[in-house]
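Student: What follows is the file target04.txt, containing compact mmCIF, C-alpha atoms and all ligand atoms:
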```
# COMPACT_ATOMS: atom_id res chain seq x y z
CA MET A 1 -25.33 81.08 29.17
CA THR A 2 -23.29 78.32 27.65
CA THR A 3 -23.15 74.74 28.81
CA LEU A 4 -19.93 72.98 27.90
CA LEU A 5 -20.82 69.52 26.68
CA GLY A 6 -18.47 66.72 25.67
CA VAL A 7 -20.07 65.42 22.49
CA SER A 8 -19.06 62.35 20.54
CA LEU A 9 -19.38 63.18 16.86
CA ALA A 10 -17.92 59.89 15.66
CA GLY A 11 -20.03 58.55 12.80
CA ARG A 12 -22.48 61.47 12.99
CA THR A 13 -23.36 63.76 10.10
CA VAL A 14 -22.11 67.34 10.42
CA VAL A 15 -23.06 69.81 7.67
CA LEU A 16 -20.58 72.57 6.88
CA ILE A 17 -21.91 75.49 4.89
CA GLY A 18 -19.25 77.50 3.06
CA GLY A 19 -15.92 76.43 1.59
CA GLY A 20 -13.30 78.87 2.89
CA PRO A 21 -10.32 78.55 5.22
CA VAL A 22 -12.47 78.51 8.39
CA THR A 23 -14.36 75.53 7.00
CA ALA A 24 -11.01 73.91 6.17
CA ARG A 25 -9.82 74.17 9.79
CA ARG A 26 -13.07 72.81 11.20
CA LEU A 27 -13.27 70.08 8.60
CA GLU A 28 -9.85 68.86 9.60
CA ARG A 29 -10.82 68.73 13.25
CA LEU A 30 -14.14 67.00 12.56
CA LEU A 31 -12.43 64.38 10.41
CA ALA A 32 -9.91 63.75 13.21
CA ASP A 33 -12.85 63.24 15.60
CA GLY A 34 -14.35 60.65 13.26
CA ALA A 35 -17.41 62.73 12.26
CA ARG A 36 -19.11 62.36 8.86
CA PRO A 37 -18.88 65.87 7.42
CA ARG A 38 -20.79 67.11 4.38
CA VAL A 39 -19.81 70.35 2.69
CA VAL A 40 -22.34 72.62 0.97
CA ALA A 41 -20.77 75.44 -1.07
CA PRO A 42 -20.77 76.60 -4.71
CA GLU A 43 -16.98 76.66 -4.57
CA VAL A 44 -14.30 75.68 -2.07
CA CYS A 45 -10.75 76.84 -1.35
CA GLU A 46 -7.75 74.63 -2.04
CA ALA A 47 -7.41 73.38 1.54
CA VAL A 48 -11.07 72.29 1.64
CA ARG A 49 -10.71 70.69 -1.76
CA ALA A 50 -7.70 68.67 -0.59
CA LEU A 51 -9.56 67.40 2.49
CA ILE A 52 -12.62 66.51 0.36
CA ASP A 53 -10.41 64.54 -2.03
CA ASP A 54 -8.26 62.86 0.62
CA HIS A 55 -11.15 61.77 2.82
CA GLY A 56 -13.95 61.23 0.33
CA VAL A 57 -16.09 63.97 1.92
CA VAL A 58 -19.47 64.59 0.29
CA TRP A 59 -19.55 68.01 -1.41
CA VAL A 60 -22.89 69.50 -2.44
CA ARG A 61 -21.75 72.02 -5.05
CA ARG A 62 -24.24 74.86 -4.80
CA ARG A 63 -25.65 77.45 -2.40
CA ALA A 64 -27.19 76.08 0.78
CA ARG A 65 -30.87 75.31 1.23
CA ALA A 66 -32.81 74.46 4.38
CA GLY A 67 -33.13 70.86 3.19
CA ASP A 68 -29.33 70.41 3.37
CA LEU A 69 -29.67 70.09 7.13
CA ALA A 70 -31.63 66.85 6.88
CA GLY A 71 -30.04 64.18 9.02
CA ALA A 72 -27.48 66.53 10.58
CA TRP A 73 -26.60 66.46 14.28
CA LEU A 74 -24.59 69.63 14.01
CA ALA A 75 -24.12 72.39 11.45
CA HIS A 76 -21.31 74.86 10.91
CA THR A 77 -21.82 77.94 8.84
CA ALA A 78 -18.92 80.05 7.59
CA THR A 79 -19.98 81.52 4.26
CA GLY A 80 -18.27 84.87 4.75
CA ASP A 81 -21.68 86.58 4.48
CA PRO A 82 -23.26 87.26 7.92
CA ARG A 83 -26.76 87.40 6.42
CA VAL A 84 -26.43 83.96 4.88
CA ASP A 85 -24.92 82.58 8.11
CA ALA A 86 -27.83 84.07 10.07
CA ARG A 87 -30.31 82.48 7.67
CA VAL A 88 -28.63 79.08 8.06
CA ALA A 89 -28.73 79.52 11.84
CA GLY A 90 -32.48 80.18 11.57
CA TRP A 91 -33.08 76.99 9.56
CA CYS A 92 -31.09 75.05 12.16
CA GLU A 93 -33.13 76.52 14.99
CA ARG A 94 -36.40 75.40 13.44
CA ARG A 95 -35.02 71.93 12.75
CA ARG A 96 -33.43 71.61 16.19
CA VAL A 97 -29.96 71.16 14.76
CA LEU A 98 -27.22 72.77 16.87
CA CYS A 99 -25.34 75.34 14.83
CA VAL A 100 -21.89 76.93 15.06
CA ASN A 101 -22.04 80.34 13.39
CA ALA A 102 -18.54 81.50 12.43
CA SER A 103 -19.61 85.05 11.48
CA ASP A 104 -17.88 87.79 13.43
CA GLY A 105 -19.82 88.66 16.55
CA ALA A 106 -22.50 86.04 15.91
CA HIS A 107 -23.71 83.58 18.52
CA GLY A 108 -24.77 80.27 17.11
CA SER A 109 -26.60 77.79 19.31
CA ALA A 110 -23.29 75.92 19.63
CA ARG A 111 -19.70 76.99 19.76
CA LEU A 112 -16.49 75.06 19.45
CA ALA A 113 -14.15 75.07 22.42
CA ALA A 114 -10.44 75.86 22.25
CA GLU A 115 -9.22 72.38 23.10
CA THR A 116 -6.14 70.71 24.46
CA ARG A 117 -5.56 67.06 25.21
CA SER A 118 -3.26 65.22 27.57
CA GLY A 119 -3.62 61.46 27.46
CA ASP A 120 -7.37 60.86 27.79
CA VAL A 121 -8.06 64.24 29.43
CA VAL A 122 -9.70 66.82 27.14
CA VAL A 123 -9.87 70.45 28.27
CA GLY A 124 -12.11 72.89 26.40
CA ILE A 125 -12.40 76.66 26.81
CA VAL A 126 -15.52 78.57 25.72
CA SER A 127 -16.89 81.96 26.64
CA ASP A 128 -20.32 82.79 28.00
CA ALA A 129 -20.35 86.22 26.42
CA GLY A 130 -18.89 87.41 23.10
CA VAL A 131 -16.59 85.03 21.26
CA ASP A 132 -12.89 85.85 21.82
CA PRO A 133 -10.79 83.19 20.10
CA ARG A 134 -7.44 84.66 21.12
CA ARG A 135 -8.32 84.79 24.77
CA ALA A 136 -9.68 81.24 24.64
CA ALA A 137 -6.49 80.05 22.92
CA GLY A 138 -4.36 81.87 25.52
CA VAL A 139 -6.12 80.19 28.44
CA ARG A 140 -6.00 76.87 26.62
CA ASP A 141 -2.24 77.20 26.03
CA ALA A 142 -1.58 78.07 29.66
CA ILE A 143 -3.43 74.95 30.80
CA ALA A 144 -1.64 72.89 28.14
CA ALA A 145 1.70 74.07 29.54
CA LEU A 146 0.71 72.98 33.05
CA LEU A 147 -0.41 69.61 31.71
CA ARG A 148 2.92 69.19 29.92
CA ASP A 149 4.82 69.92 33.13
CA GLY A 150 2.81 67.30 35.00
CA ALA A 151 1.57 70.09 37.29
CA LEU A 152 -2.13 69.16 37.21
CA PRO A 153 -3.79 66.26 39.06
CA VAL A 154 -4.66 64.15 36.00
CA ARG A 155 -4.40 60.77 37.71
CA ARG A 156 -7.57 58.73 37.26
CA ARG A 157 -9.54 58.41 40.48
CA ARG A 158 -11.86 55.80 39.15
CA ARG A 159 -10.04 52.59 38.35
CA SER A 160 -10.58 51.38 34.85
CA ALA A 161 -10.24 47.72 34.01
CA ALA A 162 -7.41 48.64 31.70
CA GLY A 163 -4.18 48.37 33.66
CA ARG A 164 -1.03 49.05 31.71
CA VAL A 165 2.70 49.48 32.00
CA ASP A 166 4.79 52.35 30.61
CA LEU A 167 8.56 52.10 30.64
CA VAL A 168 9.70 55.69 31.00
CA GLY A 169 13.26 56.77 30.30
CA GLY A 170 13.98 59.48 32.85
CA GLY A 171 17.23 60.86 31.44
CA PRO A 172 20.37 61.47 33.49
CA GLY A 173 18.83 63.01 36.61
CA PRO A 174 17.52 66.61 36.45
CA THR A 175 13.72 66.77 36.40
CA ASP A 176 13.74 69.00 33.33
CA LEU A 177 15.61 66.41 31.30
CA ILE A 178 12.76 63.91 31.30
CA THR A 179 10.45 64.02 28.28
CA VAL A 180 7.08 65.76 28.37
CA ARG A 181 5.40 62.44 27.66
CA GLY A 182 7.26 60.72 30.47
CA ARG A 183 6.25 63.47 32.87
CA ARG A 184 2.60 63.16 31.87
CA LEU A 185 2.58 59.39 32.32
CA LEU A 186 4.12 59.83 35.78
CA ALA A 187 1.36 62.27 36.68
CA GLU A 188 -1.20 59.66 35.61
CA ALA A 189 0.44 56.69 37.34
CA ASP A 190 -1.00 54.75 40.29
CA VAL A 191 2.24 52.86 40.88
CA VAL A 192 5.80 53.92 40.08
CA VAL A 193 8.56 51.32 40.07
CA ALA A 194 11.78 53.33 40.29
CA ASP A 195 15.54 52.92 40.21
CA ARG A 196 18.35 54.61 42.07
CA LEU A 197 19.54 56.50 38.97
CA GLY A 198 17.53 58.98 36.93
CA PRO A 199 15.21 61.78 37.97
CA THR A 200 14.33 60.58 41.48
CA ASP A 201 13.27 64.14 42.45
CA VAL A 202 10.14 63.92 40.29
CA LEU A 203 8.85 61.30 42.70
CA ASP A 204 8.46 64.01 45.34
CA ASP A 205 5.87 65.76 43.16
CA LEU A 206 3.54 62.77 42.97
CA ASP A 207 0.33 62.47 44.96
CA PRO A 208 0.95 61.04 48.43
CA ASP A 209 -1.22 58.03 47.65
CA VAL A 210 0.78 56.99 44.58
CA GLU A 211 2.62 53.80 45.45
CA ILE A 212 6.38 54.12 44.89
CA ILE A 213 8.37 50.91 44.79
CA ASP A 214 12.15 51.32 44.88
CA VAL A 215 13.91 48.49 43.13
CA GLY A 216 17.18 50.44 42.78
CA LYS A 217 20.33 48.54 42.15
CA ALA A 218 23.79 49.51 43.32
CA PRO A 219 26.64 47.85 41.37
CA GLY A 220 27.32 44.46 42.92
CA HIS A 221 24.05 44.52 44.87
CA HIS A 222 20.77 43.44 43.38
CA PRO A 223 18.10 44.20 45.95
CA VAL A 224 15.21 43.18 43.68
CA PRO A 225 15.94 40.47 41.07
CA GLN A 226 14.77 41.24 37.53
CA GLU A 227 12.20 38.41 37.53
CA GLU A 228 10.60 39.95 40.60
CA ILE A 229 10.51 43.39 38.96
CA ASN A 230 8.82 41.84 35.92
CA ALA A 231 6.31 40.09 38.18
CA LEU A 232 5.60 43.34 40.08
CA LEU A 233 4.82 45.20 36.87
CA VAL A 234 2.47 42.48 35.66
CA GLU A 235 0.76 42.05 39.01
CA HIS A 236 -0.08 45.75 39.47
CA ALA A 237 -1.22 46.17 35.87
CA ARG A 238 -3.47 43.10 36.27
CA ALA A 239 -5.06 44.83 39.26
CA GLY A 240 -6.16 47.59 36.83
CA LYS A 241 -3.43 50.04 37.78
CA ARG A 242 -1.43 52.40 35.61
CA VAL A 243 2.16 51.39 36.25
CA VAL A 244 5.17 53.50 35.32
CA ARG A 245 8.54 51.79 35.33
CA LEU A 246 10.86 54.79 35.70
CA LYS A 247 14.46 54.25 34.64
CA GLY A 248 17.57 56.34 34.40
CA GLY A 249 18.63 57.29 30.87
CA ASP A 250 16.88 55.30 28.18
CA PRO A 251 14.96 52.10 29.02
CA PHE A 252 16.56 50.15 26.18
CA VAL A 253 20.19 51.06 26.90
CA TYR A 254 21.54 48.69 29.57
CA GLY A 255 18.23 49.09 31.33
CA ARG A 256 16.80 45.59 30.90
CA GLY A 257 13.76 47.30 29.44
CA GLY A 258 13.53 44.67 26.72
CA GLU A 259 13.01 41.95 29.32
CA GLU A 260 10.27 43.95 31.02
CA VAL A 261 8.47 44.53 27.72
CA ALA A 262 8.73 40.81 26.92
CA ALA A 263 7.31 39.92 30.35
CA CYS A 264 4.33 42.26 29.77
CA HIS A 265 3.75 40.81 26.30
CA ALA A 266 3.84 37.29 27.72
CA ALA A 267 1.24 38.27 30.33
CA GLY A 268 -0.96 40.07 27.79
CA ILE A 269 -0.46 43.45 29.51
CA PRO A 270 -0.44 46.56 27.27
CA VAL A 271 3.01 48.11 27.46
CA GLU A 272 4.73 51.08 25.85
CA VAL A 273 8.18 52.58 26.02
CA VAL A 274 9.02 56.27 26.31
CA PRO A 275 12.59 57.05 25.27
CA GLY A 276 14.92 58.95 27.55
CA LEU A 277 18.18 60.85 27.16
CA THR A 278 20.77 58.15 27.53
CA SER A 279 23.85 58.77 29.65
CA VAL A 280 25.90 57.39 26.73
CA VAL A 281 25.50 60.79 25.10
CA SER A 282 24.22 63.14 27.81
CA VAL A 283 26.87 62.47 30.47
CA PRO A 284 29.87 63.17 28.19
CA GLN A 285 27.90 66.20 26.98
CA SER A 286 27.59 67.46 30.57
CA ALA A 287 31.40 67.66 30.60
CA GLY A 288 31.45 69.45 27.26
CA ILE A 289 32.42 66.33 25.30
CA PRO A 290 30.70 65.72 21.96
CA VAL A 291 30.75 61.96 21.36
CA THR A 292 31.18 62.59 17.64
CA HIS A 293 32.98 65.60 16.25
CA ARG A 294 33.63 66.41 12.62
CA GLY A 295 37.23 65.65 11.81
CA THR A 296 37.88 64.00 15.19
CA ALA A 297 35.47 61.13 15.78
CA ALA A 298 33.17 59.66 13.15
CA GLY A 299 31.72 56.79 15.19
CA ILE A 300 30.81 55.64 18.69
CA HIS A 301 31.38 52.27 20.28
CA VAL A 302 29.31 51.77 23.42
CA VAL A 303 30.20 49.03 25.85
CA ASN A 304 29.16 47.70 29.24
CA GLY A 305 32.32 47.59 31.38
CA GLN A 306 31.03 44.54 33.24
CA ALA A 307 31.09 42.45 30.06
CA GLU A 308 34.27 40.78 28.84
CA THR A 309 36.49 42.85 26.57
CA SER A 310 35.38 41.74 23.11
CA PRO A 311 37.37 41.93 19.86
CA SER A 312 35.08 44.73 18.67
CA THR A 313 35.94 46.81 21.74
CA ILE A 314 39.68 46.23 21.18
CA ALA A 315 39.20 47.29 17.54
CA ALA A 316 37.28 50.42 18.59
CA LEU A 317 39.94 51.40 21.13
CA ALA A 318 42.61 50.96 18.46
CA ASP A 319 40.70 53.08 15.91
CA PRO A 320 41.52 56.80 16.31
CA SER A 321 38.31 57.82 14.51
CA VAL A 322 36.04 56.03 17.01
CA THR A 323 34.92 57.22 20.46
CA THR A 324 34.58 54.39 22.97
CA VAL A 325 31.97 55.07 25.66
CA VAL A 326 32.02 52.75 28.66
CA LEU A 327 29.08 52.46 31.07
CA MET A 328 29.34 50.67 34.42
CA GLY A 329 33.05 50.76 33.74
CA VAL A 330 34.93 52.05 36.80
CA ALA A 331 36.00 48.57 37.94
CA ALA A 332 36.86 47.56 34.37
CA LEU A 333 39.10 50.54 33.65
CA PRO A 334 42.48 48.80 34.43
CA ARG A 335 41.52 45.84 32.24
CA LEU A 336 40.31 48.03 29.36
CA ALA A 337 43.38 50.28 29.51
CA ALA A 338 45.71 47.28 29.51
CA ALA A 339 43.87 45.71 26.57
CA ALA A 340 44.10 48.98 24.67
CA ARG A 341 47.84 49.32 25.31
CA ALA A 342 48.38 45.69 24.24
CA ALA A 343 46.51 46.48 21.01
CA GLY A 344 48.98 49.26 20.26
CA VAL A 345 46.86 52.25 21.29
CA PRO A 346 49.20 55.24 21.81
CA ALA A 347 49.92 56.02 25.47
CA ASP A 348 48.51 59.54 25.13
CA ARG A 349 45.04 58.59 23.80
CA PRO A 350 42.76 60.89 25.84
CA VAL A 351 40.41 59.51 28.50
CA ALA A 352 37.70 61.39 30.40
CA ILE A 353 35.82 59.95 33.34
CA VAL A 354 32.58 61.80 34.09
CA GLU A 355 31.00 60.98 37.44
CA SER A 356 27.38 61.86 38.33
CA GLY A 357 26.83 63.82 35.13
CA HIS A 358 24.16 66.54 35.23
CA THR A 359 24.06 66.52 39.05
CA SER A 360 25.52 68.93 41.59
CA SER A 361 28.24 66.41 42.43
CA GLN A 362 29.42 66.05 38.84
CA ARG A 363 33.18 65.63 38.45
CA THR A 364 35.30 65.15 35.34
CA THR A 365 38.73 63.55 35.46
CA ARG A 366 40.91 63.91 32.34
CA THR A 367 43.81 61.59 31.78
CA THR A 368 45.36 59.32 29.15
CA ILE A 369 45.04 55.63 28.45
CA ALA A 370 48.49 54.99 29.96
CA ASP A 371 47.71 56.84 33.21
CA ALA A 372 43.98 56.13 33.47
CA ASP A 373 44.18 53.38 36.09
CA ARG A 374 46.58 55.24 38.38
CA VAL A 375 44.74 58.58 38.09
CA ALA A 376 41.30 57.03 38.61
CA ARG A 377 42.50 55.33 41.77
CA ALA A 378 44.24 58.46 43.03
CA GLN A 379 41.04 60.48 42.47
CA GLY A 380 38.82 57.82 44.02
CA VAL A 381 36.60 57.71 40.93
CA ARG A 382 33.27 55.98 41.62
CA ASN A 383 30.07 54.90 39.89
CA PRO A 384 27.89 56.16 38.38
CA ALA A 385 30.41 57.27 35.81
CA VAL A 386 30.76 57.29 32.06
CA ILE A 387 34.24 56.77 30.63
CA VAL A 388 35.04 58.33 27.28
CA ILE A 389 38.11 57.10 25.41
CA GLY A 390 39.20 58.89 22.24
CA ASP A 391 40.31 62.25 20.89
CA VAL A 392 36.97 63.91 21.72
CA ALA A 393 37.96 63.55 25.41
CA ARG A 394 40.79 66.06 24.96
CA ALA A 395 40.30 68.95 27.38
CA ASP A 396 40.96 71.62 24.75
CA LEU A 397 38.83 70.11 21.95
CA LEU A 398 36.25 72.90 21.88
CA LEU A 399 38.42 75.74 23.15
CA PRO A 400 39.51 78.45 20.73
CA LEU A 401 43.03 78.03 19.41
CA PRO A 402 45.46 80.39 21.16
CA VAL A 403 46.05 83.48 19.05
CA LEU A 404 49.73 83.91 18.21
CA THR A 405 50.66 87.57 18.66
CA GLY A 406 54.30 87.31 17.68
CA ASP A 407 55.37 88.26 21.22
CA GLU A 408 56.27 84.60 21.79
CA HIS A 409 59.45 85.09 19.77
CA ARG A 410 60.82 87.94 21.80
N1 LIG A 501 19.72 53.15 30.88
C1 LIG A 501 20.82 53.99 31.32
C2 LIG A 501 22.05 53.20 31.66
C3 LIG A 501 21.89 52.25 32.81
S1 LIG A 501 23.37 51.45 33.24
C4 LIG A 501 21.08 55.06 30.27
O1 LIG A 501 20.57 54.97 29.14
O2 LIG A 501 21.79 56.02 30.59
C5 LIG A 501 23.97 52.47 34.53
C6 LIG A 501 25.20 53.20 34.10
O3 LIG A 501 24.83 54.37 33.41
C7 LIG A 501 26.07 53.72 35.24
O4 LIG A 501 26.92 52.71 35.74
C8 LIG A 501 26.85 54.80 34.54
O5 LIG A 501 27.86 54.24 33.72
C9 LIG A 501 25.80 55.37 33.63
N2 LIG A 501 25.11 56.55 34.19
C10 LIG A 501 23.79 56.73 34.31
N3 LIG A 501 23.52 57.96 34.80
C11 LIG A 501 24.68 58.56 34.99
C12 LIG A 501 25.08 59.86 35.46
N4 LIG A 501 24.17 60.78 35.83
N5 LIG A 501 26.39 60.15 35.51
C13 LIG A 501 27.32 59.24 35.14
N6 LIG A 501 27.01 58.02 34.69
C14 LIG A 501 25.71 57.68 34.61
```
Mind turning the file's structure into structure tokens?
Tutor:
Amino acid sequence: MTTLLGVSLAGRTVVLIGGGPVTARRLERLLADGARPRVVAPEVCEAVRALIDDHGVVWVRRRARAGDLAGAWLAHTATGDPRVDARVAGWCERRRVLCVNASDGAHGSARLAAETRSGDVVVGIVSDAGVDPRRAAGVRDAIAALLRDGALPVRRRRRSAAGRVDLVGGGPGPTDLITVRGRRLLAEADVVVADRLGPTDVLDDLDPDVEIIDVGKAPGHHPVPQEEINALLVEHARAGKRVVRLKGGDPFVYGRGGEEVAACHAAGIPVEVVPGLTSVVSVPQSAGIPVTHRGTAAGIHVVNGQAETSPSTIAALADPSVTTVVLMGVAALPRLAAAARAAGVPADRPVAIVESGHTSSQRTTRTTIADADRVARAQGVRNPAVIVIGDVARADLLLPLPVLTGDEHR
């Protein structure tokens, strides 16, 4: 029978007998766990040598003796000779030092688990009967995949004093376009403060007792003022809760994430930011538009349509090698188009308006700078939309050139 035990090896002496590749792998792991390893071997392979040099590991350069186990909490024997490993295991037994025996088919008094981590959760797989590393790794990987998908109930049940805030960029909407890290933090959250945009469907997967606070803004309406959102984040984190502030796209692109981070800093609350796929790039992409394209567009100018038209935006619109990407820009389209025309932008500069990118109601309207206002009104274009102005917005940009057969001349 095996009892799986979570052991803290930090600062504790672990003796590794043998200097081959198995020792190298274990040495690396032990060093990462903060253990104090000591290697006993007449010679060591390159990988072990590098770890010894890089981490100042003690190396006793000879064959092992029973006395080498003095002061050890744990031993690991991988000499490549089963008889030697068995002898080491015997010394360990008499000295009451737990021993991992890496010989094929051997059973030491301890065995290492195939491990995976997700946040502060550690999962280990061991076997009661014969060692089977590939099976253990297979089970471990399957659990790791579930953890990555946020499919396991990893939320802490016991409140720790350490409340915190994570600003999570949720991407443009589909649940599989949020990052793995964002998904994990959502699965661990006690409180989720969410917007109208972004992957709102992931909220349905959360435990029923997770508190979801909707602070979603529609353009022109501001149901929850930013100061109140900041205060909410701080207040829940102070109560010891894990707070996720879920945002559409990326938290630092027109998301006021910077203000929320500053508010947490001011209140002494630990805060981190998880990037998300910003609609600046992903929404044009959903319509097949690359925001840069070799030979067509070498730069991107991103602008908030609600801000005044600045000289840099006029310059970008006038530059044929720059793609202008406008967020929150439906109302500003007539003004931007007029400014562009006044700056001498050719009437046929392509414009694409992509509404609700990456959702089932996605719609792309292609037009030109001269017709943009009229066409957008005729189509009833609405937010959320990303407007792309520049040659990359041409409908045929990525289509193969028509093959001329010669028949055209007949
Ligand atoms: N932080 C977000 C942007 C927030 S501002 C990001 O990085 O993407 C909100 C604006 O983003 C909307 O007005 C619209 O211009 C754009 N937007 C966000 N999601 C969108 C989507 N799925 N389709 C079209 N536009 C979107």
Student: I'd like to know which of A:Ala102, A:Ala287, A:Ile389, A:Ile269 is closest to Ile314 of chain A, using all atoms listed in the file.
Tutor: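 Among the listed residues, A:Ile389 lies closest to Ile314 of chain A.
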Student: Given a cut-off of 7 Å, what residues near ligand LIG 501 (chain A) show up using all atoms listed in the file, put as a ChimeraX atom specification?
Tutor: /A:171-173,197-198,247-255,277-280,283,326-329,354-359,383-386
Student: Which distance in Å separates atom CA of Asp205 of chain A and atom CA of Ala263 of chain A, to one decimal?
Tutor: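 Those two atoms sit 28.9 Å apart.
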Student: Please return as an MDAnalysis selection string every residue within 12 Å of (-20.9, 70.1, 2.7), taking into account all atoms listed in the file and the file's own coordinates.
Tutor: chainID A and resid 13:20 23:24 26:27 36:44 48:49 51:52 56:65 68:70 72 74:79
Student: For those residues, write C-alpha atoms to a file as an mmCIF file, in the coordinates of the input.
Tutor:
```cif
data_model
loop_
_atom_site.group_PDB
_atom_site.id
_atom_site.type_symbol
_atom_site.label_atom_id
_atom_site.label_comp_id
_atom_site.auth_asym_id
_atom_site.auth_seq_id
_atom_site.Cartn_x
_atom_site.Cartn_y
_atom_site.Cartn_z
ATOM 1 C CA THR A 13 -23.360 63.760 10.100
ATOM 2 C CA VAL A 14 -22.110 67.340 10.420
ATOM 3 C CA VAL A 15 -23.060 69.810 7.670
ATOM 4 C CA LEU A 16 -20.580 72.570 6.880
ATOM 5 C CA ILE A 17 -21.910 75.490 4.890
ATOM 6 C CA GLY A 18 -19.250 77.500 3.060
ATOM 7 C CA GLY A 19 -15.920 76.430 1.590
ATOM 8 C CA GLY A 20 -13.300 78.870 2.890
ATOM 9 C CA THR A 23 -14.360 75.530 7.000
ATOM 10 C CA ALA A 24 -11.010 73.910 6.170
ATOM 11 C CA ARG A 26 -13.070 72.810 11.200
ATOM 12 C CA LEU A 27 -13.270 70.080 8.600
ATOM 13 C CA ARG A 36 -19.110 62.360 8.860
ATOM 14 C CA PRO A 37 -18.880 65.870 7.420
ATOM 15 C CA ARG A 38 -20.790 67.110 4.380
ATOM 16 C CA VAL A 39 -19.810 70.350 2.690
ATOM 17 C CA VAL A 40 -22.340 72.620 0.970
ATOM 18 C CA ALA A 41 -20.770 75.440 -1.070
ATOM 19 C CA PRO A 42 -20.770 76.600 -4.710
ATOM 20 C CA GLU A 43 -16.980 76.660 -4.570
ATOM 21 C CA VAL A 44 -14.300 75.680 -2.070
ATOM 22 C CA VAL A 48 -11.070 72.290 1.640
ATOM 23 C CA ARG A 49 -10.710 70.690 -1.760
ATOM 24 C CA LEU A 51 -9.560 67.400 2.490
ATOM 25 C CA ILE A 52 -12.620 66.510 0.360
ATOM 26 C CA GLY A 56 -13.950 61.230 0.330
ATOM 27 C CA VAL A 57 -16.090 63.970 1.920
ATOM 28 C CA VAL A 58 -19.470 64.590 0.290
ATOM 29 C CA TRP A 59 -19.550 68.010 -1.410
ATOM 30 C CA VAL A 60 -22.890 69.500 -2.440
ATOM 31 C CA ARG A 61 -21.750 72.020 -5.050
ATOM 32 C CA ARG A 62 -24.240 74.860 -4.800
ATOM 33 C CA ARG A 63 -25.650 77.450 -2.400
ATOM 34 C CA ALA A 64 -27.190 76.080 0.780
ATOM 35 C CA ARG A 65 -30.870 75.310 1.230
ATOM 36 C CA ASP A 68 -29.330 70.410 3.370
ATOM 37 C CA LEU A 69 -29.670 70.090 7.130
ATOM 38 C CA ALA A 70 -31.630 66.850 6.880
ATOM 39 C CA ALA A 72 -27.480 66.530 10.580
ATOM 40 C CA LEU A 74 -24.590 69.630 14.010
ATOM 41 C CA ALA A 75 -24.120 72.390 11.450
ATOM 42 C CA HIS A 76 -21.310 74.860 10.910
ATOM 43 C CA THR A 77 -21.820 77.940 8.840
ATOM 44 C CA ALA A 78 -18.920 80.050 7.590
ATOM 45 C CA THR A 79 -19.980 81.520 4.260
#
```
Student: Taking into account only C-alpha atoms, which residue in the set A:Val330, A:Val392, A:Ala66, A:Leu186 is nearest to Pro153 of chain A?
Tutor: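 Closest candidate: A:Leu186.
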Student: For Pro208 of chain A, which residue among A:Arg181, A:Pro223, A:Asp319, A:Val192 is the nearest when counting all atoms listed in the file?
Tutor: A:Val192
Student: At most 12 Å is the cut-off: for each residue in segment 354-401 of chain A with any atom that close to an atom of segment 294-302 of chain A, write down the nearest atom pair and the distance in Å rounded to one decimal, counting only C-alpha atoms, chain first then increasing number, as CSV.
Tutor:
```
residue,atom,partner,partner_atom,distance
A:Val386,CA,A:Val302,CA,10.4
A:Ile387,CA,A:Val302,CA,10.1
A:Val388,CA,A:Val302,CA,9.5
A:Ile389,CA,A:His301,CA,9.7
A:Gly390,CA,A:Ala297,CA,7.8
A:Asp391,CA,A:Thr296,CA,6.4
A:Val392,CA,A:Thr296,CA,6.6
A:Ala393,CA,A:Thr296,CA,10.2
A:Arg394,CA,A:Thr296,CA,10.4
A:Leu397,CA,A:Thr296,CA,9.2
A:Leu398,CA,A:Thr296,CA,11.3
```
Student: Looking at A:His55, A:Gly124, A:Ile229, A:Ile369, which one is nearest to Val139 of chain A, with distances taken over only C-alpha atoms?
Tutor: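 Nearest candidate to Val139 of chain A out of A:His55, A:Gly124, A:Ile229, A:Ile369: A:Gly124.
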Student: Given all atoms listed in the file as the basis, pick out the residue of A:Glu46, A:Glu188, A:Glu308, A:Asp85 nearest to Ser118 of chain A.
Tutor: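 Closest residue, counting all atoms listed in the file: A:Glu188.
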Student: Can you work out the spacing between atom CA of Pro21 of chain A and atom CA of Arg96 of chain A in Å, to one decimal?
Tutor: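 A separation of 26.5 Å between them.
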Student: Please determine, counting all atoms listed in the file, which residue among A:Cys45, A:Leu333, A:Ala262, A:Leu399 has the shortest atom-to-atom distance to Val375 of chain A.
Tutor: A:Leu333
Student: Starting from the incomplete input, reconstruct N, CA and C atoms of segment 7-11 of chain A and write that as a short mmCIF file (atom, residue, chain, number, x, y, z; two decimals), in the coordinates of the input.
Tutor:
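Final output, selection-v5.cif:
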```cif
data_model
loop_
_atom_site.label_atom_id
_atom_site.label_comp_id
_atom_site.auth_asym_id
_atom_site.auth_seq_id
_atom_site.Cartn_x
_atom_site.Cartn_y
_atom_site.Cartn_z
N VAL A 7 -19.20 66.10 23.45
CA VAL A 7 -20.07 65.42 22.49
C VAL A 7 -19.24 64.46 21.66
N SER A 8 -19.75 63.26 21.44
CA SER A 8 -19.06 62.35 20.54
C SER A 8 -19.67 62.48 19.15
N LEU A 9 -18.87 62.97 18.22
CA LEU A 9 -19.38 63.18 16.86
C LEU A 9 -19.03 62.00 15.94
N ALA A 10 -18.36 61.01 16.50
CA ALA A 10 -17.92 59.89 15.66
C ALA A 10 -19.11 59.29 14.92
N GLY A 11 -19.00 59.19 13.60
CA GLY A 11 -20.03 58.55 12.80
C GLY A 11 -21.26 59.42 12.57
#
```
